[in-house]
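Undergrad: One file is attached below, protein-v8.txt, containing compact mmCIF, C-alpha atoms and all ligand atoms.
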# COMPACT_ATOMS: atom_id res chain seq x y z
CA MET A 1 -44.00 -10.71 21.93
CA ARG A 2 -42.51 -13.07 19.33
CA VAL A 3 -42.07 -16.32 21.22
CA LEU A 4 -40.36 -19.49 20.05
CA VAL A 5 -41.90 -22.48 21.83
CA THR A 6 -39.84 -25.66 21.65
CA GLY A 7 -41.87 -28.78 22.41
CA GLY A 8 -45.06 -26.79 21.92
CA ALA A 9 -47.05 -29.83 20.78
CA GLY A 10 -46.48 -31.67 24.07
CA TYR A 11 -48.67 -31.84 27.13
CA ILE A 12 -47.55 -28.67 28.91
CA GLY A 13 -46.46 -26.95 25.71
CA SER A 14 -49.90 -27.22 24.07
CA HIS A 15 -51.68 -25.76 27.11
CA THR A 16 -49.18 -22.90 27.29
CA LEU A 17 -49.44 -22.31 23.54
CA LEU A 18 -53.19 -21.84 23.88
CA GLN A 19 -52.72 -19.16 26.53
CA LEU A 20 -49.94 -17.44 24.54
CA LEU A 21 -52.21 -17.19 21.50
CA ARG A 22 -55.11 -15.90 23.59
CA ALA A 23 -52.76 -13.27 25.03
CA ALA A 24 -51.94 -12.15 21.44
CA HIS A 25 -48.32 -13.33 21.34
CA GLU A 26 -46.81 -14.33 17.98
CA VAL A 27 -45.68 -17.93 18.21
CA LEU A 28 -43.43 -20.37 16.39
CA VAL A 29 -43.61 -23.98 17.61
CA TYR A 30 -40.49 -26.10 17.09
CA ASP A 31 -41.11 -29.81 17.74
CA ASN A 32 -40.12 -33.15 16.23
CA PHE A 33 -43.31 -34.85 17.49
CA ALA A 34 -41.23 -37.56 19.17
CA ASN A 35 -43.75 -37.65 22.02
CA SER A 36 -46.70 -35.67 20.68
CA SER A 37 -49.15 -35.32 17.85
CA PRO A 38 -49.70 -32.57 15.26
CA GLU A 39 -53.39 -33.04 16.13
CA ALA A 40 -52.73 -31.22 19.44
CA LEU A 41 -51.58 -28.18 17.46
CA ALA A 42 -54.61 -28.36 15.15
CA ARG A 43 -56.88 -28.33 18.19
CA VAL A 44 -55.06 -25.42 19.81
CA GLN A 45 -55.43 -23.50 16.55
CA GLN A 46 -59.20 -24.16 16.60
CA LEU A 47 -59.57 -23.26 20.29
CA ALA A 48 -57.62 -20.02 19.97
CA ASN A 49 -58.96 -19.30 16.50
CA ARG A 50 -55.52 -17.98 15.62
CA ASP A 51 -52.72 -19.17 13.40
CA PHE A 52 -49.14 -19.71 14.42
CA GLU A 53 -46.06 -21.08 12.73
CA VAL A 54 -44.82 -24.64 13.12
CA VAL A 55 -41.41 -26.04 12.23
CA THR A 56 -40.94 -29.81 12.44
CA GLY A 57 -37.40 -30.00 13.73
CA ASP A 58 -35.17 -31.68 16.24
CA MET A 59 -33.35 -30.07 19.16
CA ARG A 60 -30.30 -32.12 18.20
CA ASP A 61 -30.20 -30.49 14.76
CA ALA A 62 -28.24 -27.28 15.35
CA ASN A 63 -28.62 -26.11 11.74
CA ALA A 64 -32.40 -26.52 11.73
CA LEU A 65 -32.69 -24.65 15.03
CA HIS A 66 -30.44 -21.90 13.73
CA ALA A 67 -32.52 -21.55 10.55
CA ALA A 68 -35.80 -21.46 12.50
CA CYS A 69 -34.47 -18.73 14.82
CA ALA A 70 -33.00 -16.72 11.94
CA GLU A 71 -36.33 -16.83 10.10
CA PHE A 72 -38.60 -16.10 13.08
CA ARG A 73 -36.30 -13.80 15.09
CA PRO A 74 -37.84 -14.55 18.51
CA GLU A 75 -37.79 -12.01 21.33
CA ALA A 76 -38.09 -14.83 23.86
CA VAL A 77 -38.02 -18.62 24.00
CA ILE A 78 -40.01 -21.06 26.11
CA HIS A 79 -38.08 -24.30 26.10
CA PHE A 80 -40.23 -27.39 26.78
CA ALA A 81 -38.71 -29.84 24.30
CA GLY A 82 -36.99 -32.78 25.91
CA LEU A 83 -37.20 -36.36 27.04
CA LYS A 84 -38.89 -36.93 30.39
CA ALA A 85 -39.21 -40.64 31.25
CA VAL A 86 -37.24 -41.09 34.46
CA GLY A 87 -37.02 -44.89 34.15
CA VAL A 88 -35.83 -44.84 30.52
CA SER A 89 -33.17 -42.27 31.41
CA HIS A 90 -31.39 -44.92 33.52
CA THR A 91 -31.02 -47.23 30.50
CA GLN A 92 -30.56 -44.56 27.78
CA PRO A 93 -28.62 -41.81 29.58
CA LEU A 94 -26.81 -40.60 26.46
CA ASP A 95 -30.13 -39.97 24.69
CA TYR A 96 -31.23 -37.89 27.65
CA TYR A 97 -28.03 -35.84 27.78
CA THR A 98 -28.01 -35.37 24.00
CA THR A 99 -31.60 -34.16 23.70
CA ASN A 100 -31.91 -32.29 26.97
CA LEU A 101 -28.42 -30.87 27.45
CA ALA A 102 -26.87 -30.69 23.97
CA GLY A 103 -30.29 -29.65 22.60
CA THR A 104 -30.32 -26.68 24.97
CA LEU A 105 -26.76 -25.75 23.94
CA ASN A 106 -27.88 -25.72 20.32
CA LEU A 107 -30.81 -23.55 21.26
CA LEU A 108 -28.72 -20.99 23.16
CA ARG A 109 -26.31 -20.73 20.23
CA ALA A 110 -29.21 -20.17 17.84
CA MET A 111 -30.67 -17.54 20.21
CA ASP A 112 -27.29 -15.78 20.57
CA ALA A 113 -26.98 -15.55 16.79
CA GLN A 114 -30.30 -13.62 16.70
CA ASP A 115 -29.58 -11.58 19.80
CA CYS A 116 -32.44 -13.23 21.67
CA ALA A 117 -31.63 -13.12 25.37
CA ARG A 118 -34.76 -14.32 27.21
CA ILE A 119 -35.56 -17.90 28.01
CA VAL A 120 -38.08 -19.71 30.19
CA PHE A 121 -36.99 -23.29 30.84
CA SER A 122 -38.94 -26.39 31.96
CA SER A 123 -37.02 -27.63 34.95
CA SER A 124 -38.38 -30.06 37.50
CA ALA A 125 -38.73 -30.57 41.23
CA THR A 126 -36.81 -33.76 40.60
CA VAL A 127 -33.59 -31.66 40.77
CA TYR A 128 -34.00 -31.57 44.58
CA GLY A 129 -33.83 -35.35 45.14
CA GLU A 130 -34.42 -36.85 48.59
CA PRO A 131 -35.86 -34.07 50.78
CA VAL A 132 -33.57 -32.72 53.48
CA TYR A 133 -36.54 -30.62 54.66
CA LEU A 134 -40.01 -29.83 53.35
CA PRO A 135 -41.49 -27.88 51.75
CA TYR A 136 -38.63 -27.56 49.28
CA ASP A 137 -37.61 -23.96 48.80
CA GLU A 138 -35.37 -22.96 45.91
CA GLU A 139 -32.30 -23.02 48.20
CA HIS A 140 -32.81 -26.70 49.06
CA PRO A 141 -29.74 -28.83 48.16
CA LEU A 142 -29.84 -30.23 44.63
CA ASN A 143 -29.23 -33.95 44.34
CA PRO A 144 -31.23 -35.49 41.47
CA LEU A 145 -31.56 -39.27 41.58
CA SER A 146 -31.73 -40.07 37.84
CA PRO A 147 -29.95 -39.17 34.58
CA TYR A 148 -33.15 -37.32 33.63
CA GLY A 149 -32.96 -35.22 36.78
CA ARG A 150 -29.24 -34.63 36.33
CA SER A 151 -29.82 -33.48 32.74
CA LYS A 152 -32.27 -30.87 34.11
CA LEU A 153 -29.77 -29.75 36.73
CA MET A 154 -27.00 -29.47 34.11
CA VAL A 155 -29.24 -27.29 31.94
CA GLU A 156 -29.90 -25.09 34.97
CA MET A 157 -26.12 -24.70 35.45
CA LEU A 158 -25.67 -23.98 31.77
CA LEU A 159 -28.37 -21.30 31.83
CA ARG A 160 -26.85 -19.72 34.92
CA ASP A 161 -23.46 -19.39 33.19
CA TRP A 162 -25.05 -18.19 29.95
CA ALA A 163 -27.10 -15.51 31.72
CA ALA A 164 -24.06 -14.35 33.73
CA ALA A 165 -21.93 -13.98 30.62
CA ARG A 166 -24.44 -12.29 28.38
CA ARG A 167 -25.37 -8.67 29.00
CA GLY A 168 -29.11 -8.17 29.38
CA ALA A 169 -29.86 -11.88 29.42
CA SER A 170 -32.68 -13.34 31.48
CA ALA A 171 -33.27 -17.03 32.23
CA VAL A 172 -36.24 -18.23 34.27
CA MET A 173 -36.07 -21.88 35.28
CA LEU A 174 -39.46 -23.14 36.39
CA ARG A 175 -39.22 -26.17 38.66
CA TYR A 176 -42.51 -27.92 38.05
CA PHE A 177 -43.98 -30.17 40.69
CA ASN A 178 -46.57 -32.69 39.39
CA PRO A 179 -48.56 -31.30 36.45
CA VAL A 180 -52.01 -32.87 35.98
CA GLY A 181 -55.37 -31.98 34.46
CA ALA A 182 -56.45 -30.71 31.07
CA ASP A 183 -57.91 -27.67 29.38
CA ALA A 184 -61.56 -27.01 30.32
CA SER A 185 -62.57 -27.60 26.68
CA ALA A 186 -61.53 -31.28 27.00
CA ARG A 187 -59.98 -30.87 23.51
CA ILE A 188 -56.34 -31.00 24.65
CA GLY A 189 -54.81 -33.01 27.47
CA GLU A 190 -52.11 -35.47 28.46
CA ASP A 191 -51.73 -38.30 25.97
CA PRO A 192 -48.97 -40.66 27.09
CA GLN A 193 -47.75 -43.32 24.67
CA GLY A 194 -48.00 -46.87 25.98
CA ILE A 195 -48.49 -47.66 29.65
CA PRO A 196 -48.50 -44.41 31.65
CA ASP A 197 -45.68 -44.02 34.19
CA ASN A 198 -47.46 -41.31 36.09
CA LEU A 199 -50.35 -41.55 38.51
CA MET A 200 -53.07 -39.35 37.00
CA PRO A 201 -53.00 -40.69 33.43
CA TYR A 202 -52.96 -44.21 34.84
CA ILE A 203 -56.01 -43.55 37.01
CA ALA A 204 -57.76 -41.96 34.02
CA GLN A 205 -57.12 -45.02 31.86
CA VAL A 206 -58.48 -47.29 34.60
CA ALA A 207 -61.58 -45.09 34.78
CA VAL A 208 -62.32 -45.53 31.06
CA GLY A 209 -61.73 -49.28 31.25
CA GLN A 210 -58.41 -49.42 29.39
CA ARG A 211 -56.55 -50.78 32.41
CA ALA A 212 -57.91 -53.13 35.04
CA ALA A 213 -56.58 -51.63 38.26
CA LEU A 214 -54.15 -49.09 39.66
CA SER A 215 -51.05 -50.46 41.36
CA VAL A 216 -50.45 -48.30 44.42
CA TYR A 217 -46.69 -48.21 44.86
CA GLY A 218 -46.39 -48.67 48.59
CA ASP A 219 -48.77 -48.02 51.50
CA ASP A 220 -46.14 -48.01 54.24
CA TYR A 221 -44.63 -44.56 53.73
CA PRO A 222 -44.45 -42.17 56.69
CA THR A 223 -47.31 -40.09 55.24
CA ARG A 224 -50.92 -39.32 56.29
CA ASP A 225 -52.28 -42.62 54.92
CA GLY A 226 -49.10 -44.51 54.03
CA THR A 227 -49.18 -43.72 50.29
CA GLY A 228 -46.89 -41.24 48.52
CA GLU A 229 -47.80 -37.54 48.70
CA ARG A 230 -47.16 -35.09 45.87
CA ASP A 231 -47.81 -31.44 45.08
CA TYR A 232 -50.10 -31.72 42.03
CA ILE A 233 -50.49 -28.61 39.92
CA HIS A 234 -53.21 -27.97 37.34
CA VAL A 235 -51.71 -27.66 33.87
CA ALA A 236 -53.73 -24.49 33.21
CA ASP A 237 -52.15 -22.88 36.29
CA LEU A 238 -48.75 -24.09 35.12
CA ALA A 239 -49.33 -22.65 31.65
CA ARG A 240 -50.24 -19.31 33.24
CA ALA A 241 -46.97 -19.39 35.19
CA HIS A 242 -45.12 -19.39 31.86
CA LEU A 243 -46.82 -16.20 30.73
CA ALA A 244 -45.94 -14.60 34.06
CA ALA A 245 -42.35 -15.83 33.65
CA LEU A 246 -42.17 -14.29 30.16
CA ASP A 247 -43.24 -10.93 31.60
CA PHE A 248 -40.71 -11.29 34.38
CA ALA A 249 -37.92 -12.14 31.91
CA ALA A 250 -38.77 -9.00 29.95
CA ARG A 251 -38.31 -6.76 33.00
CA SER A 252 -35.31 -8.45 34.66
CA THR A 253 -31.84 -9.77 33.95
CA GLY A 254 -30.00 -12.72 35.44
CA CYS A 255 -31.13 -16.21 36.26
CA GLU A 256 -33.82 -17.41 38.68
CA ALA A 257 -35.02 -20.89 39.63
CA ILE A 258 -38.66 -20.80 40.72
CA ASN A 259 -40.89 -23.56 42.13
CA VAL A 260 -44.24 -24.02 40.45
CA GLY A 261 -46.60 -25.95 42.69
CA THR A 262 -49.57 -25.29 44.95
CA GLY A 263 -47.88 -25.77 48.32
CA THR A 264 -50.38 -28.55 49.17
CA SER A 265 -49.74 -32.26 48.80
CA TYR A 266 -52.18 -35.13 48.20
CA SER A 267 -51.65 -38.83 48.72
CA VAL A 268 -52.28 -41.54 46.13
CA ARG A 269 -55.44 -42.54 48.01
CA GLU A 270 -56.67 -38.94 48.08
CA MET A 271 -56.09 -38.64 44.33
CA VAL A 272 -58.00 -41.85 43.71
CA ALA A 273 -60.88 -40.68 45.91
CA GLY A 274 -60.92 -37.29 44.17
CA PHE A 275 -61.02 -38.98 40.78
CA GLU A 276 -63.83 -41.32 41.84
CA ARG A 277 -65.89 -38.30 42.94
CA ALA A 278 -65.21 -36.42 39.70
CA SER A 279 -65.91 -39.36 37.40
CA GLY A 280 -68.53 -41.31 39.29
CA ARG A 281 -66.46 -44.40 38.46
CA GLN A 282 -64.77 -46.79 40.84
CA ILE A 283 -61.01 -47.11 40.52
CA PRO A 284 -59.93 -50.61 41.55
CA CYS A 285 -56.59 -50.49 43.38
CA ARG A 286 -54.10 -53.07 44.50
CA ILE A 287 -51.17 -52.44 46.80
CA ALA A 288 -47.83 -53.06 45.06
CA PRO A 289 -44.23 -52.75 46.29
CA ARG A 290 -42.66 -49.31 46.48
CA ARG A 291 -41.25 -48.02 43.18
CA ALA A 292 -37.47 -47.55 43.16
CA GLY A 293 -36.47 -43.90 43.34
CA ASP A 294 -39.76 -42.66 44.86
CA VAL A 295 -39.71 -40.39 47.88
CA ALA A 296 -42.47 -40.40 50.51
CA ARG A 297 -43.55 -36.81 50.11
CA MET A 298 -42.84 -33.77 47.95
CA CYS A 299 -44.22 -30.32 48.44
CA ALA A 300 -43.26 -26.88 47.14
CA LYS A 301 -42.69 -23.64 48.95
CA VAL A 302 -44.36 -21.24 46.56
CA ASP A 303 -43.49 -17.80 47.97
CA LYS A 304 -40.88 -17.04 45.32
CA ALA A 305 -43.32 -17.52 42.43
CA GLN A 306 -45.71 -15.23 44.23
CA SER A 307 -43.18 -12.49 44.91
CA LEU A 308 -41.23 -12.54 41.61
CA LEU A 309 -43.90 -13.59 39.13
CA GLY A 310 -47.04 -12.42 40.93
CA TRP A 311 -48.36 -15.91 40.22
CA GLU A 312 -50.11 -18.44 42.38
CA ALA A 313 -52.11 -21.57 41.66
CA ARG A 314 -55.89 -21.17 41.54
CA GLU A 315 -57.16 -24.68 40.85
CA GLY A 316 -57.56 -27.42 43.43
CA LEU A 317 -57.93 -31.18 43.44
CA GLU A 318 -61.52 -31.16 42.20
CA ALA A 319 -60.73 -29.22 39.01
CA MET A 320 -57.61 -31.32 38.41
CA CYS A 321 -59.60 -34.56 38.59
CA ARG A 322 -62.67 -33.26 36.73
CA SER A 323 -60.71 -31.89 33.79
CA THR A 324 -58.63 -35.08 33.53
CA TRP A 325 -61.81 -37.15 33.50
CA GLU A 326 -63.51 -34.92 30.90
CA TRP A 327 -60.46 -35.09 28.62
CA GLN A 328 -59.99 -38.86 29.02
CA SER A 329 -63.67 -39.76 28.61
CA ALA A 330 -64.04 -37.54 25.52
CA ASN A 331 -60.76 -38.84 24.04
CA PRO A 332 -60.25 -42.39 25.32
CA GLN A 333 -57.58 -42.98 22.66
CA GLY A 334 -56.04 -39.54 23.17
CA TYR A 335 -55.22 -37.87 19.86
CA ARG A 336 -54.83 -41.20 18.08
CA ALA A 337 -58.44 -41.57 17.00
CA THR A 338 -58.25 -38.35 14.96
CA GLU A 339 -54.71 -38.60 13.61
P1 LIG B 401 -44.10 -33.94 26.47
O1 LIG B 401 -43.29 -35.13 26.15
O2 LIG B 401 -45.57 -34.02 26.34
O3 LIG B 401 -43.60 -32.69 25.60
C1 LIG B 401 -42.27 -32.56 25.17
C2 LIG B 401 -42.30 -32.14 23.72
O4 LIG B 401 -40.95 -32.07 23.24
C3 LIG B 401 -43.03 -33.15 22.83
O5 LIG B 401 -43.92 -32.47 21.98
C4 LIG B 401 -41.92 -33.84 22.07
O6 LIG B 401 -42.32 -34.27 20.78
C5 LIG B 401 -40.88 -32.73 22.01
N1 LIG B 401 -39.53 -33.25 21.81
C6 LIG B 401 -38.94 -34.29 22.45
N2 LIG B 401 -37.70 -34.48 21.98
C7 LIG B 401 -37.51 -33.54 21.03
C8 LIG B 401 -36.42 -33.22 20.16
N3 LIG B 401 -35.28 -33.94 20.18
N4 LIG B 401 -36.56 -32.20 19.30
C9 LIG B 401 -37.71 -31.49 19.25
N5 LIG B 401 -38.77 -31.73 20.04
C10 LIG B 401 -38.66 -32.76 20.91
O7 LIG B 401 -43.69 -33.49 27.94
P2 LIG B 401 -44.36 -32.42 28.91
O8 LIG B 401 -44.98 -33.16 30.02
O9 LIG B 401 -45.17 -31.45 28.15
O10 LIG B 401 -43.05 -31.74 29.47
C11 LIG B 401 -42.50 -30.59 28.91
C12 LIG B 401 -41.20 -30.26 29.61
O11 LIG B 401 -41.44 -30.13 31.01
C13 LIG B 401 -40.12 -31.35 29.46
O12 LIG B 401 -38.88 -30.70 29.32
C14 LIG B 401 -40.18 -32.08 30.78
O13 LIG B 401 -38.95 -32.66 31.12
C15 LIG B 401 -40.55 -30.96 31.74
N6 LIG B 401 -41.25 -31.44 32.95
C16 LIG B 401 -42.40 -32.19 32.83
C17 LIG B 401 -43.03 -32.66 33.96
C18 LIG B 401 -44.28 -33.50 33.85
O14 LIG B 401 -44.68 -34.11 34.83
N7 LIG B 401 -44.96 -33.54 32.72
C19 LIG B 401 -42.52 -32.38 35.24
C20 LIG B 401 -41.35 -31.62 35.33
C21 LIG B 401 -40.72 -31.13 34.17
C1 LIG B 402 -42.32 -38.69 38.44
C2 LIG B 402 -40.82 -38.65 38.29
C3 LIG B 402 -40.36 -37.20 38.33
C4 LIG B 402 -41.06 -36.42 37.24
C5 LIG B 402 -42.56 -36.56 37.43
C6 LIG B 402 -43.35 -35.91 36.37
C7 LIG B 402 -40.00 -40.78 39.23
C8 LIG B 402 -39.27 -41.43 40.36
N1 LIG B 402 -40.20 -39.43 39.35
O1 LIG B 402 -42.63 -38.06 39.66
O2 LIG B 402 -38.98 -37.12 38.16
O3 LIG B 402 -40.69 -35.05 37.31
O4 LIG B 402 -42.91 -37.96 37.42
O5 LIG B 402 -43.16 -36.53 35.14
O6 LIG B 402 -40.40 -41.43 38.28
N2 LIG B 402 -47.95 -43.97 41.79
C9 LIG B 402 -48.63 -45.14 42.05
N3 LIG B 402 -49.01 -45.92 40.99
C10 LIG B 402 -48.75 -45.59 39.70
C11 LIG B 402 -48.04 -44.39 39.44
C12 LIG B 402 -47.66 -43.61 40.51
O7 LIG B 402 -48.90 -45.47 43.20
O8 LIG B 402 -49.10 -46.34 38.78
C13 LIG B 402 -47.57 -43.10 42.92
C14 LIG B 402 -46.08 -42.85 43.06
O9 LIG B 402 -45.47 -43.83 43.85
C15 LIG B 402 -46.05 -41.46 43.69
C16 LIG B 402 -47.31 -40.78 43.12
O10 LIG B 402 -48.16 -41.84 42.68
O11 LIG B 402 -46.21 -41.55 45.08
C17 LIG B 402 -47.01 -39.88 41.94
O12 LIG B 402 -46.26 -40.60 40.96
P1 LIG B 402 -45.93 -39.99 39.52
O13 LIG B 402 -47.17 -39.45 38.91
O14 LIG B 402 -45.18 -41.02 38.76
O15 LIG B 402 -45.02 -38.75 39.83
P2 LIG B 402 -43.64 -38.67 40.66
O16 LIG B 402 -43.14 -40.00 41.05
O17 LIG B 402 -43.83 -37.66 41.73
Rewrite the coordinates I just gave you, this time as structure tokens.
TA:
Amino acid sequence: MRVLVTGGAGYIGSHTLLQLLRAAHEVLVYDNFANSSPEALARVQQLANRDFEVVTGDMRDANALHAACAEFRPEAVIHFAGLKAVGVSHTQPLDYYTTNLAGTLNLLRAMDAQDCARIVFSSSATVYGEPVYLPYDEEHPLNPLSPYGRSKLMVEMLLRDWAAARRGASAVMLRYFNPVGADASARIGEDPQGIPDNLMPYIAQVAVGQRAALSVYGDDYPTRDGTGERDYIHVADLARAHLAALDFAARSTGCEAINVGTGTSYSVREMVAGFERASGRQIPCRIAPRRAGDVARMCAKVDKAQSLLGWEAREGLEAMCRSTWEWQSANPQGYRATE
């Protein structure tokens, strides 16, 4: 299939790109490298030993998107490109709505002009907000707690209306839980800029000595050990879910929101212990106050992914921690050392 991948140089995009190339899809990556490096694409090209097209372009640039679509004529789009820092979205909401929401509008217009009617979208479990019950199924009320989360929910609504109005259209909205880990080659992985917001990259940077200690945001939650529990999903499993979603989009019409998680949750302490086992390094921790906006526990009901996509997660905590450690220890500066 000819697949346009927006944000294909990013963390999840690069892992999915590798699997798309290995599965013999023709790919065009559209990315402005706002939060990624061209080096990630060079490494994917080496790993897959296959070429693909790259356009350096912005989601906010409707003309550039239109030109890229007209030239490539995609049969399907996987739409990763967007801004994702929850904290920043509170102070820069208009940037988040412009890139995430208006960017998706531009994309749908460019797709319509080429008669491309299949899209797989990166949504997030953050659209659910405070749990009313757990595990979250896809019918759980939607009440995102940040501008970032609301931008994801608005895109979901937009896609629903687009798919309803357009004959033969198919939109698959994957609600990711907490993606972690790296490709087994240790050549591509998560490379956050500045101080990581998220748990796994922070632990990994402590393990290689770049940060002194992990701040554990609260140990008085009503969870197994008092620390926050999350449904971590290996990025290779997540990438595979996108290929399954592409297949599904090709044989269905309409719009579906689908959770992508493992159905199991781990606490901060369990993640630290898992990482210590995988790396053989000690991770110094200090207990810090709770982080605003955090919930105690998140966990996915994963039946819908199984029944519609025929997909389920394969990798567990050990592989998530090991691959993160292998990536971080082989690339302590991320892609920067080779840029
Ligand atoms: P990432 O930042 O690594 O990748 C996003 C990519 O989009 C980057 O390559 C970036 O350069 C590009 N991009 C950003 N703004 C752009 C613009 N205006 N024009 C063109 N390209 C632009 O993030 P990721 O972790 O790979 O996430 C991919 C998608 O999945 C995002 O939409 C994110 O919101 C969503 N998501 C991520 C997580 C997570 O924990 N990583 C969880 C839920 C949902
Ligand atoms: C965060 C975002 C979420 C986004 C997801 C993936 C918030 C409130 N939520 O989810 O919208 O989809 O990232 O990008 O920002 N923790 C620590 N110390 C740290 C970092 C994290 O103890 O230095 C704890 C957190 O309190 C939480 C767990 O680790 O219990 C996971 O945190 P994180 O990796 O940031 O993911 P989420 O908060 O689940």
Undergrad: Here is a test: counting all atoms listed in the file, which residue of A:Met1, A:Ala102, A:Val208, A:Val216 is nearest to ligand LIG 402 (chain B)?
TA: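 The closest residue to ligand LIG 402 (chain B) is A:Val216.
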Undergrad: Could you build a table of the residues in chain A lying no more than 9 Å from ligand LIG 402 (chain B), giving for each the nearest pair of atoms and their separation in Å rounded to one decimal place, using all atoms listed in the file, ordered by chain and ascending residue number, as a Markdown table?
TA:
| residue | atom | partner | partner_atom | distance |
| --- | --- | --- | --- | --- |
| A:Lys84 | CA | B:LIG402 | O5 | 6.4 |
| A:Ala85 | CA | B:LIG402 | O5 | 6.9 |
| A:Val86 | CA | B:LIG402 | O6 | 5.0 |
| A:Gly87 | CA | B:LIG402 | O6 | 6.4 |
| A:Ser123 | CA | B:LIG402 | O3 | 8.6 |
| A:Ser124 | CA | B:LIG402 | O3 | 5.5 |
| A:Ala125 | CA | B:LIG402 | O3 | 6.3 |
| A:Thr126 | CA | B:LIG402 | O2 | 4.7 |
| A:Val127 | CA | B:LIG402 | O2 | 8.1 |
| A:Gly129 | CA | B:LIG402 | O2 | 8.9 |
| A:Pro144 | CA | B:LIG402 | O2 | 8.6 |
| A:Leu145 | CA | B:LIG402 | C8 | 8.1 |
| A:Ser146 | CA | B:LIG402 | O2 | 7.8 |
| A:Tyr148 | CA | B:LIG402 | O2 | 7.4 |
| A:Gly149 | CA | B:LIG402 | O2 | 6.5 |
| A:Tyr176 | CA | B:LIG402 | O3 | 7.4 |
| A:Phe177 | CA | B:LIG402 | O3 | 6.8 |
| A:Asn178 | CA | B:LIG402 | C6 | 5.5 |
| A:Pro179 | CA | B:LIG402 | C6 | 7.0 |
| A:Val180 | CA | B:LIG402 | O13 | 8.7 |
| A:Pro196 | CA | B:LIG402 | O8 | 7.4 |
| A:Asp197 | CA | B:LIG402 | O14 | 5.5 |
| A:Asn198 | CA | B:LIG402 | O13 | 3.4 |
| A:Leu199 | CA | B:LIG402 | C11 | 3.8 |
| A:Met200 | CA | B:LIG402 | O13 | 6.2 |
| A:Pro201 | CA | B:LIG402 | O13 | 8.1 |
| A:Tyr202 | CA | B:LIG402 | O8 | 5.9 |
| A:Ile203 | CA | B:LIG402 | O8 | 7.7 |
| A:Leu214 | CA | B:LIG402 | O8 | 5.8 |
| A:Ser215 | CA | B:LIG402 | N3 | 5.0 |
| A:Val216 | CA | B:LIG402 | O7 | 3.4 |
| A:Tyr217 | CA | B:LIG402 | O7 | 3.9 |
| A:Gly218 | CA | B:LIG402 | O7 | 6.8 |
| A:Asp219 | CA | B:LIG402 | O7 | 8.7 |
| A:Thr227 | CA | B:LIG402 | O11 | 6.4 |
| A:Gly228 | CA | B:LIG402 | O11 | 3.5 |
| A:Glu229 | CA | B:LIG402 | O11 | 5.6 |
| A:Arg230 | CA | B:LIG402 | O17 | 5.9 |
| A:Asp231 | CA | B:LIG402 | O17 | 8.1 |
| A:Tyr232 | CA | B:LIG402 | O17 | 8.6 |
| A:Ser267 | CA | B:LIG402 | O11 | 7.1 |
| A:Val268 | CA | B:LIG402 | O10 | 5.4 |
| A:Arg269 | CA | B:LIG402 | O7 | 8.6 |
| A:Met271 | CA | B:LIG402 | O10 | 8.7 |
| A:Ile287 | CA | B:LIG402 | O7 | 8.2 |
| A:Ala288 | CA | B:LIG402 | O7 | 7.9 |
| A:Arg290 | CA | B:LIG402 | O9 | 6.7 |
| A:Arg291 | CA | B:LIG402 | O9 | 6.0 |
| A:Ala292 | CA | B:LIG402 | C8 | 7.0 |
| A:Gly293 | CA | B:LIG402 | C8 | 4.8 |
| A:Asp294 | CA | B:LIG402 | C8 | 4.7 |
| A:Val295 | CA | B:LIG402 | O11 | 7.2 |
| A:Ala296 | CA | B:LIG402 | O11 | 6.7 |
| A:Arg297 | CA | B:LIG402 | O11 | 7.4 |
| A:Met298 | CA | B:LIG402 | O17 | 7.4 |
Undergrad: Of the candidates A:Asp115, A:Glu156, A:Asp191, A:Glu138, which one gets nearest to ligand LIG 401 (chain B) if we count only C-alpha atoms and all ligand atoms?
TA: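 Closest candidate: A:Asp191.
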Undergrad: Quick one: everything within 9 Å of A:Gly7, counting only C-alpha atoms, minus sequence neighbours fewer than 5 positions away in the same chain. Send it as a ChimeraX atom specification.
TA: /A:12-14,29-33,36,78-82
Undergrad: Smallest atom-to-atom distance to A:Leu94: which of A:Pro147, A:Ser170, A:Cys69, A:His140, using all atoms listed in the file?
TA: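 When distances to A:Leu94 are compared using all atoms listed in the file, the smallest one comes from A:Pro147.
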Undergrad: Output, as lines of an AutoDock Vina configuration file, the centre and edge lengths in Å (one decimal) of the axis-aligned box that contains all listed atoms of ligand LIG 401 (chain B) with 5 Å of margin on each side.
TA:
center_x = -40.4
center_y = -32.6
center_z = 27.3
size_x = 20.3
size_y = 15.0
size_z = 26.1
Undergrad: Could you please determine the separation between atom CA of A:Val206 and atom CA of A:Ala186 in Å, to one decimal place?
TA: 18.0 Å
Undergrad: For the point (-53.2, -26.0, 29.2) in file coordinates, what residues are within 10 Å, counting only C-alpha atoms? Give the answer as a list in words?
TA: Tyr11, Ile12, Gly13, Ser14, His15, Thr16, Leu17, Leu18, Gln19, Val44, Val180, Gly181, Ala182, Asp183, Ala184, Ser185, Ile188, Gly189, Glu190, His234, Val235, Ala236, Asp237, Leu238, Ala239 and Arg240 of chain A
Undergrad: From the set A:Ala305, A:Leu83, A:Ala250, A:Ala48, which residue has the shortest atom-to-atom contact distance to ligand LIG 401 (chain B), counting all atoms listed in the file?
TA: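 Checking each candidate against ligand LIG 401 (chain B), we get A:Leu83 as the closest.
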Undergrad: Mind pulling up the distance from atom CA of A:Ile258 to atom CA of A:Gly310?
TA: 11.9 Å
Undergrad: Calculated over all atoms listed in the file, which of the candidates A:Ala24, A:Met111, A:Ile233, A:Leu142 has the smallest distance to A:Glu130?
TA: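 When distances to A:Glu130 are compared using all atoms listed in the file, the smallest one comes from A:Leu142.
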Undergrad: Name the closest residue to ligand LIG 401 (chain B) among the candidates A:Ser329, A:Asn35, A:Ser151, A:Gln193; distances are taken between atoms, counting only C-alpha atoms and all ligand atoms.
TA: A:Asn35
